[in-house]
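Shown here: entry-v5.cif, mmCIF, C-alpha atoms.
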```
data_query
loop_
_atom_site.label_atom_id
_atom_site.label_comp_id
_atom_site.auth_asym_id
_atom_site.auth_seq_id
_atom_site.Cartn_x
_atom_site.Cartn_y
_atom_site.Cartn_z
CA MET D 1 0.00 0.00 0.00
CA VAL D 2 1.24 3.47 -0.92
CA SER D 3 1.64 5.94 1.94
CA ILE D 4 0.45 9.54 1.59
CA ILE D 5 2.51 12.62 2.43
CA GLY D 6 0.47 15.82 2.74
CA ILE D 7 2.40 19.11 2.77
CA ASP D 8 1.54 22.68 3.65
CA SER D 9 3.64 25.76 4.49
CA ARG D 10 3.46 29.28 5.90
CA ILE D 11 5.54 32.33 6.70
CA PHE D 12 7.18 32.52 10.14
CA ILE D 13 7.99 35.98 11.56
CA ARG D 14 9.36 37.06 14.92
CA GLU D 15 10.34 40.45 16.24
CA VAL D 16 13.87 40.22 17.67
CA ILE D 17 16.48 42.37 19.36
CA LYS D 18 19.79 42.32 17.48
CA LYS D 19 23.17 42.08 19.22
CA ASN D 20 23.68 45.82 18.78
CA GLY D 21 20.38 46.48 20.59
CA GLU D 22 18.41 47.44 17.49
CA GLU D 23 14.93 46.07 16.87
CA GLY D 24 14.55 43.79 13.87
CA HIS D 25 12.64 40.77 12.70
CA PHE D 26 13.45 37.18 11.86
CA LYS D 27 11.66 35.79 8.82
CA SER D 28 11.58 32.18 7.68
CA VAL D 29 9.39 29.83 5.67
CA LEU D 30 8.04 26.91 7.66
CA GLY D 31 6.67 23.68 6.18
CA VAL D 32 5.18 20.47 7.57
CA ALA D 33 4.79 17.13 5.79
CA VAL D 34 2.48 14.56 7.39
CA LYS D 35 2.94 10.93 6.39
CA VAL D 36 0.07 8.43 6.81
CA LYS D 37 -0.30 4.80 5.78
CA ASP D 38 -3.79 4.83 4.27
CA TYR D 39 -5.68 7.89 3.02
CA LEU D 40 -9.24 6.61 3.46
CA GLU D 41 -8.59 5.21 6.93
CA PHE D 42 -6.85 8.42 7.97
CA ASP D 43 -9.82 10.39 6.65
CA LYS D 44 -12.08 8.52 9.09
CA GLN D 45 -9.68 9.00 12.00
CA TYR D 46 -9.29 12.69 11.14
CA THR D 47 -13.05 13.21 11.41
CA GLN D 48 -13.17 11.41 14.76
CA ALA D 49 -10.24 13.47 16.08
CA MET D 50 -11.91 16.70 14.95
CA LYS D 51 -15.23 15.75 16.55
CA TYR D 52 -13.40 14.97 19.78
CA ALA D 53 -11.42 18.24 19.73
CA PHE D 54 -14.51 20.40 19.17
CA SER D 55 -16.56 18.43 21.70
CA THR D 56 -14.09 19.45 24.41
CA VAL D 57 -15.23 23.05 23.90
CA GLY D 58 -18.89 22.08 23.58
CA GLU D 59 -19.19 22.50 19.80
CA GLU D 60 -19.99 20.40 16.74
CA LEU D 61 -18.20 20.39 13.38
CA ASN D 62 -19.11 22.89 10.67
CA TYR D 63 -16.74 21.51 8.05
CA LYS D 64 -15.35 18.20 6.90
CA CYS D 65 -11.78 19.57 6.84
CA TYR D 66 -10.53 22.54 8.81
CA CYS D 67 -7.80 25.00 7.94
CA THR D 68 -6.10 27.46 10.27
CA ASN D 69 -8.17 30.31 8.87
CA ASP D 70 -11.40 28.59 9.98
CA ILE D 71 -10.43 28.79 13.66
CA LYS D 72 -8.00 31.72 13.72
CA ASP D 73 -10.34 33.84 15.87
CA HIS D 74 -11.73 31.02 17.99
CA LYS D 75 -11.26 31.75 21.68
CA SER D 76 -10.37 28.07 22.31
CA LYS D 77 -8.12 27.61 19.26
CA ILE D 78 -5.11 26.27 21.17
CA GLN D 79 -7.24 23.78 23.09
CA ILE D 80 -8.85 22.54 19.87
CA LEU D 81 -5.47 22.14 18.15
CA THR D 82 -3.95 20.42 21.18
CA LYS D 83 -6.81 17.93 21.59
CA PHE D 84 -6.84 17.25 17.86
CA CYS D 85 -3.10 16.48 17.83
CA GLU D 86 -3.41 14.25 20.90
CA LYS D 87 -6.11 12.20 19.19
CA ILE D 88 -4.65 12.03 15.67
CA SER D 89 -1.00 11.40 16.65
CA LYS D 90 -1.28 7.59 16.79
CA HIS D 91 -2.56 7.52 13.20
CA ILE D 92 0.47 9.35 11.76
CA GLU D 93 3.67 7.64 10.64
CA LYS D 94 5.97 10.68 10.56
CA ILE D 95 5.94 14.44 10.90
CA HIS D 96 8.58 16.13 8.74
CA VAL D 97 9.28 19.78 9.61
CA PHE D 98 11.18 22.12 7.26
CA TYR D 99 12.35 25.68 7.85
CA THR D 100 14.63 28.13 6.08
CA LEU D 101 17.70 29.27 7.98
CA PHE D 102 19.98 31.31 5.75
CA SER D 103 23.15 33.11 6.70
CA PRO D 104 23.15 36.64 5.21
CA GLN D 105 26.61 37.29 6.68
CA LYS D 106 28.12 34.62 4.43
CA LEU D 107 26.18 35.47 1.31
CA LYS D 108 24.24 38.73 1.18
CA GLU D 109 22.52 38.12 -2.16
CA VAL D 110 21.44 35.18 -4.29
CA ASN D 111 21.71 34.78 -8.04
CA VAL D 112 18.40 34.46 -9.91
CA TYR D 113 17.24 33.75 -13.49
CA GLY D 114 20.64 32.44 -14.56
CA ARG D 115 19.18 29.97 -17.05
CA MET D 116 17.10 32.66 -18.73
CA ALA D 117 20.09 35.00 -18.96
CA GLN D 118 22.26 32.29 -20.45
CA LYS D 119 19.61 31.04 -22.88
CA LYS D 120 18.68 34.49 -24.16
CA HIS D 121 22.20 35.94 -23.88
CA LEU D 122 20.99 38.64 -21.53
CA LYS D 123 22.81 40.72 -19.00
CA LEU D 124 20.22 41.12 -16.28
CA SER D 125 19.89 44.51 -14.66
CA GLU D 126 18.91 42.77 -11.39
CA PRO D 127 20.56 39.32 -11.40
CA THR D 128 20.45 38.98 -7.63
CA ARG D 129 17.94 39.13 -4.80
CA SER D 130 18.27 39.70 -1.10
CA TYR D 131 17.17 36.95 1.27
CA GLU D 132 14.20 39.09 2.26
CA THR D 133 13.05 39.39 -1.35
CA LEU D 134 13.72 35.72 -2.12
CA ILE D 135 11.47 34.67 0.75
CA ARG D 136 8.72 37.20 0.02
CA GLU D 137 8.55 36.84 -3.77
CA HIS D 138 9.50 33.20 -4.28
CA LEU D 139 9.95 30.75 -1.42
CA ILE D 140 6.66 31.46 0.35
CA GLN D 141 4.83 30.71 -2.92
CA CYS D 142 6.44 27.36 -3.73
CA PHE D 143 7.65 25.89 -0.42
CA PRO D 144 5.47 22.71 -0.52
CA ALA D 145 7.42 21.61 -3.61
CA ILE D 146 10.74 22.34 -1.89
CA CYS D 147 9.71 20.22 1.10
CA ALA D 148 8.69 17.33 -1.19
CA TRP D 149 11.97 17.60 -3.09
CA ARG D 150 13.98 17.38 0.16
CA LEU D 151 12.13 14.19 1.06
CA THR D 152 12.74 12.41 -2.25
CA GLU D 153 16.34 11.59 -1.29
CA HIS D 154 15.01 9.60 1.70
CA LEU D 155 12.13 7.80 -0.04
CA PHE D 156 11.49 5.49 -2.99
CA PRO D 157 9.05 6.07 -5.88
CA GLY D 158 6.03 3.76 -5.66
CA THR D 159 6.07 3.72 -1.85
CA VAL D 160 4.56 7.20 -1.28
CA GLU D 161 2.62 9.83 -3.16
CA PHE D 162 2.71 13.54 -2.43
CA HIS D 163 -0.45 15.56 -1.77
CA LEU D 164 0.62 19.21 -1.96
CA ASP D 165 -1.30 22.32 -1.12
CA SER D 166 -1.43 24.39 -4.30
CA TYR D 167 1.68 26.45 -5.01
CA SER D 168 2.97 28.79 -7.68
CA GLY D 169 6.02 30.80 -8.76
CA HIS D 170 8.71 30.58 -11.39
CA ILE D 171 10.47 27.33 -12.25
CA PHE D 172 13.46 26.24 -10.15
CA GLU D 173 15.75 23.22 -10.16
CA ALA D 174 14.32 21.44 -7.11
CA GLN D 175 10.82 21.61 -8.56
CA GLU D 176 12.02 20.26 -11.91
CA ARG D 177 13.84 17.42 -10.16
CA LEU D 178 10.75 16.60 -8.10
CA GLU D 179 8.66 16.27 -11.24
CA THR D 180 11.09 13.78 -12.83
CA THR D 181 11.72 11.52 -9.81
CA GLY D 182 8.88 9.10 -10.51
CA PHE D 183 6.88 10.02 -7.40
CA ARG D 184 3.17 10.59 -7.94
CA ILE D 185 2.21 14.20 -7.20
CA LEU D 186 -1.31 15.51 -6.62
CA ILE D 187 -1.99 19.24 -6.26
CA TYR D 188 -4.94 20.29 -4.08
CA PRO D 189 -6.20 23.88 -4.50
CA SER D 190 -7.27 24.98 -1.01
CA GLY D 191 -5.79 21.69 0.14
CA ASP D 192 -5.88 22.65 3.81
CA CYS D 193 -9.70 22.90 3.51
CA SER D 194 -10.27 19.79 1.38
CA ASN D 195 -7.63 17.14 2.17
CA PRO D 196 -7.40 15.73 5.73
CA VAL D 197 -3.65 15.08 5.51
CA ILE D 198 -2.85 18.58 4.22
CA SER D 199 -5.29 20.00 6.77
CA THR D 200 -3.41 18.19 9.54
CA ALA D 201 -0.12 19.64 8.27
CA ASP D 202 -1.66 23.13 8.28
CA LEU D 203 -2.99 22.79 11.83
CA ILE D 204 0.32 21.41 13.11
CA LEU D 205 2.08 24.41 11.56
CA ASP D 206 -0.16 26.76 13.48
CA LEU D 207 0.28 24.89 16.76
CA LEU D 208 4.06 24.78 16.34
CA ASP D 209 4.22 28.50 15.62
CA LYS D 210 2.04 29.36 18.62
CA ARG D 211 3.86 27.10 21.05
CA LEU D 212 7.23 28.53 20.08
CA GLU D 213 5.81 32.02 20.58
CA LEU D 214 4.29 31.24 23.98
CA SER D 215 7.50 29.64 25.26
CA ASN D 216 9.65 32.40 23.73
CA LYS D 217 11.66 29.83 21.77
CA LEU D 218 13.58 30.41 18.56
CA LEU D 219 12.90 28.52 15.35
CA ILE D 220 15.92 26.22 15.57
CA PHE D 221 16.41 22.49 15.28
CA ASP D 222 16.54 21.74 19.03
CA ASN D 223 13.27 23.53 19.81
CA ILE D 224 10.99 21.99 17.19
CA ARG D 225 10.57 18.41 18.42
CA PRO D 226 9.80 19.43 22.05
CA ALA D 227 7.13 21.82 20.71
CA LEU D 228 5.38 18.86 19.05
CA PHE D 229 5.67 16.49 21.98
CA GLU D 230 2.48 14.58 21.06
CA PHE D 231 4.33 12.98 18.16
CA GLY D 232 7.46 11.96 20.12
CA GLU D 233 10.27 10.44 18.08
CA ASP D 234 8.19 10.59 14.89
CA VAL D 235 9.12 14.26 14.33
CA LEU D 236 12.01 14.77 11.89
CA VAL D 237 13.48 18.21 11.16
CA TYR D 238 15.13 19.52 7.98
CA PRO D 239 16.72 22.99 7.84
CA ILE D 240 16.87 24.58 4.37
CA THR D 241 20.20 26.44 4.37
CA ASN D 242 22.65 28.26 2.11
CA LYS D 243 23.83 24.99 0.56
CA HIS D 244 20.35 24.47 -0.92
CA LEU D 245 20.09 27.90 -2.53
CA HIS D 246 21.27 26.74 -5.94
CA TYR D 247 18.33 24.33 -6.13
CA ILE D 248 15.54 26.59 -4.86
CA THR D 249 16.15 29.94 -6.58
CA PRO D 250 14.15 30.84 -9.73
CA LEU D 251 15.85 29.91 -13.00
CA ASP D 252 13.60 31.52 -15.59
CA LYS D 253 10.63 33.89 -15.70
CA LYS D 254 8.42 30.97 -16.61
CA SER D 255 5.52 29.96 -14.36
CA ILE D 256 5.42 26.49 -12.84
CA ASP D 257 2.77 24.33 -14.51
CA THR D 258 0.98 22.79 -11.53
CA ILE D 259 -2.39 22.24 -13.24
CA LYS D 260 -1.13 19.05 -14.85
CA PHE D 261 -0.91 17.54 -11.34
CA ILE D 262 -4.28 18.78 -10.08
CA LYS D 263 -6.44 16.25 -8.23
CA HIS D 264 -9.55 15.14 -10.12
CA PRO D 265 -12.47 15.40 -10.11
CA VAL D 266 -12.21 19.17 -10.31
CA TYR D 267 -15.26 21.36 -9.71
CA TRP D 268 -14.35 24.25 -12.02
CA VAL D 269 -16.06 27.48 -10.97
CA PHE D 270 -17.18 29.64 -13.90
CA LYS D 271 -17.95 33.04 -12.46
CA GLY D 272 -19.17 34.40 -15.82
CA ASP D 273 -19.54 38.01 -14.72
CA GLN D 274 -16.21 39.80 -15.08
CA LEU D 275 -17.36 42.36 -12.52
CA ILE D 276 -17.01 39.67 -9.85
CA GLU D 277 -13.44 39.78 -8.56
CA SER D 278 -11.99 36.28 -8.05
CA GLY D 279 -10.47 37.14 -4.68
CA THR D 280 -13.82 38.38 -3.40
CA MET D 281 -15.49 35.14 -4.42
CA LYS D 282 -12.78 32.98 -2.85
CA ARG D 283 -13.16 34.81 0.45
CA SER D 284 -16.92 34.32 0.51
CA LEU D 285 -18.71 31.89 2.81
CA THR D 286 -20.47 30.37 -0.20
CA TYR D 287 -17.14 29.46 -1.80
CA ARG D 288 -15.87 27.98 1.48
CA ASN D 289 -19.02 25.88 1.77
CA LEU D 290 -18.56 24.71 -1.82
CA ILE D 291 -15.02 23.53 -0.98
CA ASP D 292 -16.42 21.66 2.00
CA PHE D 293 -19.10 19.93 -0.07
CA VAL D 294 -16.59 18.96 -2.75
CA ALA D 295 -14.19 17.61 -0.12
CA SER D 296 -16.91 15.14 0.87
CA GLN D 297 -16.88 13.97 -2.77
CA HIS D 298 -13.06 13.61 -2.69
CA GLY D 299 -12.68 16.38 -5.25
CA VAL D 300 -11.22 19.90 -5.41
CA VAL D 301 -12.50 23.35 -6.33
CA LYS D 302 -10.71 25.71 -8.71
CA MET D 303 -11.66 28.99 -10.35
CA PHE D 304 -11.64 28.39 -14.10
CA GLU D 305 -9.01 30.36 -16.02
CA LYS D 306 -9.74 30.16 -19.74
CA SER D 307 -6.17 30.99 -20.75
CA LYS D 308 -4.70 27.79 -19.26
CA ASP D 309 -7.28 25.42 -17.77
CA ILE D 310 -9.34 24.27 -20.75
CA GLU D 311 -6.87 21.54 -21.77
CA TYR D 312 -6.99 19.97 -18.30
CA ILE D 313 -10.73 19.35 -18.04
CA LYS D 314 -11.45 15.62 -17.71
CA ASN D 315 -14.63 13.61 -18.19
CA ASP D 316 -15.29 13.22 -14.46
CA ASP D 317 -15.05 16.98 -13.80
CA PHE D 318 -17.87 19.41 -13.07
CA GLY D 319 -18.74 22.97 -14.04
CA VAL D 320 -20.14 25.17 -11.27
CA TYR D 321 -21.82 28.49 -12.04
CA ILE D 322 -23.33 31.28 -9.97
CA ASN D 323 -25.30 33.07 -12.71
CA ASN D 324 -26.57 32.59 -16.25
CA ALA D 325 -23.40 34.07 -17.75
CA GLY D 326 -21.33 31.32 -16.13
CA LYS D 327 -23.85 28.66 -17.21
CA GLU D 328 -23.68 29.85 -20.83
CA ILE D 329 -19.87 29.51 -20.83
CA ILE D 330 -20.10 25.94 -19.53
CA GLU D 331 -22.74 25.02 -22.11
CA THR D 332 -20.56 26.50 -24.85
CA TYR D 333 -17.63 24.30 -23.82
CA ILE D 334 -19.95 21.27 -23.76
CA LYS D 335 -20.97 22.04 -27.34
CA LEU D 336 -17.27 22.17 -28.24
CA GLY D 337 -16.79 18.64 -26.92
CA LYS D 338 -15.91 19.08 -23.24
CA THR D 339 -17.81 16.61 -21.07
CA LEU D 340 -18.90 18.62 -18.04
CA LYS D 341 -21.80 18.11 -15.67
CA HIS D 342 -22.93 21.53 -14.61
CA PHE D 343 -24.53 22.74 -11.38
CA LYS D 344 -25.61 26.02 -9.90
CA MET D 345 -23.43 26.80 -6.90
CA ASP D 346 -26.16 27.54 -4.39
CA SER D 347 -27.92 24.26 -5.20
CA MET D 348 -24.81 22.29 -4.18
CA VAL D 349 -24.03 23.79 -0.79
CA CYS D 350 -25.95 24.29 2.42
CA LYS D 351 -25.75 27.57 4.26
CA LYS D 352 -23.35 27.59 7.22
CA ARG D 353 -22.36 30.32 9.59
#
```
Rewrite the structure of this file - the entire thing - as structure tokens.
Amino acid sequence: MVSIIGIDSRIFIREVIKKNGEEGHFKSVLGVAVKVKDYLEFDKQYTQAMKYAFSTVGEELNYKCYCTNDIKDHKSKIQILTKFCEKISKHIEKIHVFYTLFSPQKLKEVNVYGRMAQKKHLKLSEPTRSYETLIREHLIQCFPAICAWRLTEHLFPGTVEFHLDSYSGHIFEAQERLETTGFRILIYPSGDCSNPVISTADLILDLLDKRLELSNKLLIFDNIRPALFEFGEDVLVYPITNKHLHYITPLDKKSIDTIKFIKHPVYWVFKGDQLIESGTMKRSLTYRNLIDFVASQHGVVKMFEKSKDIEYIKNDDFGVYINNAGKEIIETYIKLGKTLKHFKMDSMVCKKR
């Protein structure tokens, strides 16, 4: 049986006092990979652990899968996360934790877009980036792929498959190597809200961050395992340091093609009306409820982008619309040979608060 590794990531920021007494901040990218033996069995155990965690604060579940954003303002968030981790820990094989720890004193800037410059015989006006810029404009966008790449040297193709929260950015060597290793990769848009393994990784990230903050501990190797004591010896830690920079910096101003790895079935959302801003829709309760419904069908939700998504529609996918304009677009694609079952969004989801 193939094990599943679900990966999510986030930014990690702390205000610090430098040696010279000046105020500053420490910024890193933090990732967690959760390894489980059986996806469907873990899905059941995840639900039971969530029910237990919320029952300890006298509440029932609103969603199938929870992400950090769902409980960020909950007064009992730490208790819920703690009880969840206590319950789910025995159903997890390994917890892999990754964090960036660069040394600006040894190398103040990193080279970028070298392949593009060489290929096009260009002399770049800005061939380097600071660590701050590298993190903000690149690493935070694509860190799940970097975590998966770091794990491939310790694993064998055919024994695990990677479930990654959706990521983006420009191509880089580690990502290209990951895609040619023979490991199966599945990309989950809003994976922390639709995949129980990715959700668990997301919640562990939040608990780790909060526990380090409450205990006033730095993000260093020796502090990570004690902060996740529920998982004991099953926590493994991987710093991403200067020696990895060559593999994780952008090579070309060419976007990573993650759609080819997207999990199917996909419920493509056709908003139709161009006046509706995609970000506004994604932040709506209706969209969140749609993700929750689709998660129960073991699918994913993605806003349809006509410039790049049309070639990736499969026969088991669905078209979701919110108005007649969106419905007309779906019906047009059906006439052109795309096999899509189409549904009105508000007929698929129940109202939740």
For the file shown, what are the residues hit by the PyMOL selection byres ((chain D and resi 202) around 9), laid out as a PDB file with C-alpha atoms, keeping the file's coordinate frame?
```pdb
ATOM      1  CA  ILE D   7       2.400  19.110   2.770  1.00  0.00           C
ATOM      2  CA  ASP D   8       1.540  22.680   3.650  1.00  0.00           C
ATOM      3  CA  SER D   9       3.640  25.760   4.490  1.00  0.00           C
ATOM      4  CA  ARG D  10       3.460  29.280   5.900  1.00  0.00           C
ATOM      5  CA  GLY D  31       6.670  23.680   6.180  1.00  0.00           C
ATOM      6  CA  VAL D  32       5.180  20.470   7.570  1.00  0.00           C
ATOM      7  CA  TYR D  66     -10.530  22.540   8.810  1.00  0.00           C
ATOM      8  CA  CYS D  67      -7.800  25.000   7.940  1.00  0.00           C
ATOM      9  CA  THR D  68      -6.100  27.460  10.270  1.00  0.00           C
ATOM     10  CA  ASP D 192      -5.880  22.650   3.810  1.00  0.00           C
ATOM     11  CA  VAL D 197      -3.650  15.080   5.510  1.00  0.00           C
ATOM     12  CA  ILE D 198      -2.850  18.580   4.220  1.00  0.00           C
ATOM     13  CA  SER D 199      -5.290  20.000   6.770  1.00  0.00           C
ATOM     14  CA  THR D 200      -3.410  18.190   9.540  1.00  0.00           C
ATOM     15  CA  ALA D 201      -0.120  19.640   8.270  1.00  0.00           C
ATOM     16  CA  LEU D 203      -2.990  22.790  11.830  1.00  0.00           C
ATOM     17  CA  ILE D 204       0.320  21.410  13.110  1.00  0.00           C
ATOM     18  CA  LEU D 205       2.080  24.410  11.560  1.00  0.00           C
ATOM     19  CA  ASP D 206      -0.160  26.760  13.480  1.00  0.00           C
ATOM     20  CA  LEU D 207       0.280  24.890  16.760  1.00  0.00           C
TER      21      LEU D 207
END
```
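Distance check against Ile259 of chain D using all atoms listed in the file: of D:Phe54, D:Tyr312, D:Tyr63, D:Phe229, the minimum falls on D:Tyr312.
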Test item: the PyMOL selection byres ((chain D and resi 318) around 6) resolved as a list in words: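 Expected selection for the PyMOL selection byres ((chain D and resi 318) around 6) here is Tyr267, Asp317, Gly319, Leu340, Lys341 and His342 of chain D.
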Write out, as a compact mmCIF listing (two decimals), keeping the file's coordinate frame, the residues just selected, with C-alpha atoms.
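Result saved to again-v4.txt:
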```
# COMPACT_ATOMS: atom_id res chain seq x y z
CA TYR D 267 -15.26 21.36 -9.71
CA ASP D 317 -15.05 16.98 -13.80
CA GLY D 319 -18.74 22.97 -14.04
CA LEU D 340 -18.90 18.62 -18.04
CA LYS D 341 -21.80 18.11 -15.67
CA HIS D 342 -22.93 21.53 -14.61
```
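Residue selection for this entry, given the PyMOL selection byres ((chain D and resi 323) around 9), comprises D:Phe270, D:Lys271, D:Gly272, D:Asp273, D:Tyr321, D:Ile322, D:Asn324, D:Ala325, D:Gly326, D:Lys327, D:Glu328, D:Lys344, D:Met345.
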At a cut-off of 8 Å, using all atoms listed in the file, what residues contact Glu173 of chain D? Leave out same-chain residues fewer than 6 positions from it and give the result as a list in words.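 Neighbouring residues, sequence-local ones excluded: His246, Tyr247, Ile248, Thr249, Pro250 and Leu251 of chain D.
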Would you please work out which residue, of D:Arg115, D:Lys87, D:Lys308, D:Lys243, is nearest to Phe231 of chain D when using only C-alpha atoms? D:Lys87
Give me the residues within 12 Å of Leu134 of chain D as a short mmCIF file (atom, residue, chain, number, x, y, z; two decimals) with C-alpha atoms, keeping the file's coordinate frame, counting only C-alpha atoms and dropping any in the same chain fewer than 4 places off.
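So the final result, stored in selection15.cif, reads:
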```cif
data_model
loop_
_atom_site.label_atom_id
_atom_site.label_comp_id
_atom_site.auth_asym_id
_atom_site.auth_seq_id
_atom_site.Cartn_x
_atom_site.Cartn_y
_atom_site.Cartn_z
CA LYS D 27 11.66 35.79 8.82
CA SER D 28 11.58 32.18 7.68
CA VAL D 29 9.39 29.83 5.67
CA THR D 100 14.63 28.13 6.08
CA PHE D 102 19.98 31.31 5.75
CA PRO D 104 23.15 36.64 5.21
CA LYS D 108 24.24 38.73 1.18
CA GLU D 109 22.52 38.12 -2.16
CA VAL D 110 21.44 35.18 -4.29
CA ASN D 111 21.71 34.78 -8.04
CA VAL D 112 18.40 34.46 -9.91
CA THR D 128 20.45 38.98 -7.63
CA ARG D 129 17.94 39.13 -4.80
CA SER D 130 18.27 39.70 -1.10
CA HIS D 138 9.50 33.20 -4.28
CA LEU D 139 9.95 30.75 -1.42
CA ILE D 140 6.66 31.46 0.35
CA GLN D 141 4.83 30.71 -2.92
CA CYS D 142 6.44 27.36 -3.73
CA PHE D 143 7.65 25.89 -0.42
CA GLY D 169 6.02 30.80 -8.76
CA HIS D 170 8.71 30.58 -11.39
CA LEU D 245 20.09 27.90 -2.53
CA ILE D 248 15.54 26.59 -4.86
CA THR D 249 16.15 29.94 -6.58
CA PRO D 250 14.15 30.84 -9.73
#
```
Point-to-point distance in Å for atom CA of Pro196 of chain D and atom CA of Thr159 of chain D: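 Between atom CA of Thr159 of chain D and atom CA of Pro196 of chain D the gap works out to 19.6 Å.
You will find atom CA of Val235 of chain D at 20.4 Å from atom CA of Asn216 of chain D.
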Draw an axis-aligned box tight on the listed atoms of segment 171-175 of chain D, then pad every side by 8 Å and write out centre and edge lengths in Å to one decimal as JSON.
```
{"center_x": 13.1, "center_y": 24.4, "center_z": -9.7, "size_x": 21.3, "size_y": 21.9, "size_z": 21.1}
```
Which residue is closest to Lys44 of chain D? Choose from D:Lys253, D:Arg283, D:His91, D:Lys77 and count all atoms listed in the file.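 Nearest candidate to Lys44 of chain D out of D:Lys253, D:Arg283, D:His91, D:Lys77: D:His91.
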Atom CA of Thr152 of chain D and atom CA of Gly182 of chain D, how far apart in Å? 9.7 Å
Determine, counting all atoms listed in the file, which protein, DNA and RNA residues have an atom within 12 Å of an atom of Ser190 of chain D; residues of the same chain fewer than 2 positions away are not included. Present the result as a short mmCIF file (atom, residue, chain, number, x, y, z; two decimals) with C-alpha atoms, keeping the file's coordinate frame.
```
data_model
loop_
_atom_site.label_atom_id
_atom_site.label_comp_id
_atom_site.auth_asym_id
_atom_site.auth_seq_id
_atom_site.Cartn_x
_atom_site.Cartn_y
_atom_site.Cartn_z
CA ILE D 7 2.40 19.11 2.77
CA ASP D 8 1.54 22.68 3.65
CA CYS D 65 -11.78 19.57 6.84
CA TYR D 66 -10.53 22.54 8.81
CA CYS D 67 -7.80 25.00 7.94
CA THR D 68 -6.10 27.46 10.27
CA ASN D 69 -8.17 30.31 8.87
CA HIS D 163 -0.45 15.56 -1.77
CA LEU D 164 0.62 19.21 -1.96
CA ASP D 165 -1.30 22.32 -1.12
CA SER D 166 -1.43 24.39 -4.30
CA TYR D 167 1.68 26.45 -5.01
CA ILE D 187 -1.99 19.24 -6.26
CA TYR D 188 -4.94 20.29 -4.08
CA ASP D 192 -5.88 22.65 3.81
CA CYS D 193 -9.70 22.90 3.51
CA SER D 194 -10.27 19.79 1.38
CA ASN D 195 -7.63 17.14 2.17
CA PRO D 196 -7.40 15.73 5.73
CA ILE D 198 -2.85 18.58 4.22
CA SER D 199 -5.29 20.00 6.77
CA ASP D 202 -1.66 23.13 8.28
CA ILE D 262 -4.28 18.78 -10.08
CA LYS D 263 -6.44 16.25 -8.23
CA LYS D 282 -12.78 32.98 -2.85
CA ARG D 283 -13.16 34.81 0.45
CA TYR D 287 -17.14 29.46 -1.80
CA ARG D 288 -15.87 27.98 1.48
CA LEU D 290 -18.56 24.71 -1.82
CA ILE D 291 -15.02 23.53 -0.98
CA ASP D 292 -16.42 21.66 2.00
CA VAL D 294 -16.59 18.96 -2.75
CA ALA D 295 -14.19 17.61 -0.12
CA GLY D 299 -12.68 16.38 -5.25
CA VAL D 300 -11.22 19.90 -5.41
CA VAL D 301 -12.50 23.35 -6.33
CA LYS D 302 -10.71 25.71 -8.71
CA MET D 303 -11.66 28.99 -10.35
#
```
Would you fill out segment 82-93 of chain D with N, CA and C atoms and return it as a PDB file, in the coordinates of the input?
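What follows is the written file result.pdb:
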```pdb
ATOM      1  N   THR D  82      -4.639  21.350  20.289  1.00  0.00           N
ATOM      2  CA  THR D  82      -3.950  20.420  21.180  1.00  0.00           C
ATOM      3  C   THR D  82      -4.703  19.094  21.262  1.00  0.00           C
ATOM      4  N   LYS D  83      -6.013  19.156  21.479  1.00  0.00           N
ATOM      5  CA  LYS D  83      -6.810  17.930  21.590  1.00  0.00           C
ATOM      6  C   LYS D  83      -6.835  17.172  20.266  1.00  0.00           C
ATOM      7  N   PHE D  84      -6.876  17.907  19.167  1.00  0.00           N
ATOM      8  CA  PHE D  84      -6.840  17.250  17.860  1.00  0.00           C
ATOM      9  C   PHE D  84      -5.530  16.478  17.685  1.00  0.00           C
ATOM     10  N   CYS D  85      -4.402  17.128  17.995  1.00  0.00           N
ATOM     11  CA  CYS D  85      -3.100  16.480  17.830  1.00  0.00           C
ATOM     12  C   CYS D  85      -2.943  15.282  18.766  1.00  0.00           C
ATOM     13  N   GLU D  86      -3.452  15.388  19.969  1.00  0.00           N
ATOM     14  CA  GLU D  86      -3.410  14.250  20.900  1.00  0.00           C
ATOM     15  C   GLU D  86      -4.122  13.040  20.301  1.00  0.00           C
ATOM     16  N   LYS D  87      -5.277  13.285  19.707  1.00  0.00           N
ATOM     17  CA  LYS D  87      -6.110  12.200  19.190  1.00  0.00           C
ATOM     18  C   LYS D  87      -5.579  11.621  17.884  1.00  0.00           C
ATOM     19  N   ILE D  88      -5.056  12.475  17.009  1.00  0.00           N
ATOM     20  CA  ILE D  88      -4.650  12.030  15.670  1.00  0.00           C
ATOM     21  C   ILE D  88      -3.229  11.470  15.646  1.00  0.00           C
ATOM     22  N   SER D  89      -2.432  11.723  16.668  1.00  0.00           N
ATOM     23  CA  SER D  89      -1.000  11.400  16.650  1.00  0.00           C
ATOM     24  C   SER D  89      -0.733   9.916  16.383  1.00  0.00           C
ATOM     25  N   LYS D  90      -1.546   9.032  16.943  1.00  0.00           N
ATOM     26  CA  LYS D  90      -1.280   7.590  16.790  1.00  0.00           C
ATOM     27  C   LYS D  90      -1.605   7.084  15.388  1.00  0.00           C
ATOM     28  N   HIS D  91      -2.216   7.919  14.569  1.00  0.00           N
ATOM     29  CA  HIS D  91      -2.560   7.520  13.200  1.00  0.00           C
ATOM     30  C   HIS D  91      -1.613   8.132  12.173  1.00  0.00           C
ATOM     31  N   ILE D  92      -0.524   8.716  12.637  1.00  0.00           N
ATOM     32  CA  ILE D  92       0.470   9.350  11.760  1.00  0.00           C
ATOM     33  C   ILE D  92       1.786   8.594  11.832  1.00  0.00           C
ATOM     34  N   GLU D  93       2.379   8.318  10.682  1.00  0.00           N
ATOM     35  CA  GLU D  93       3.670   7.640  10.640  1.00  0.00           C
ATOM     36  C   GLU D  93       4.812   8.580  11.022  1.00  0.00           C
TER      37      GLU D  93
END
```
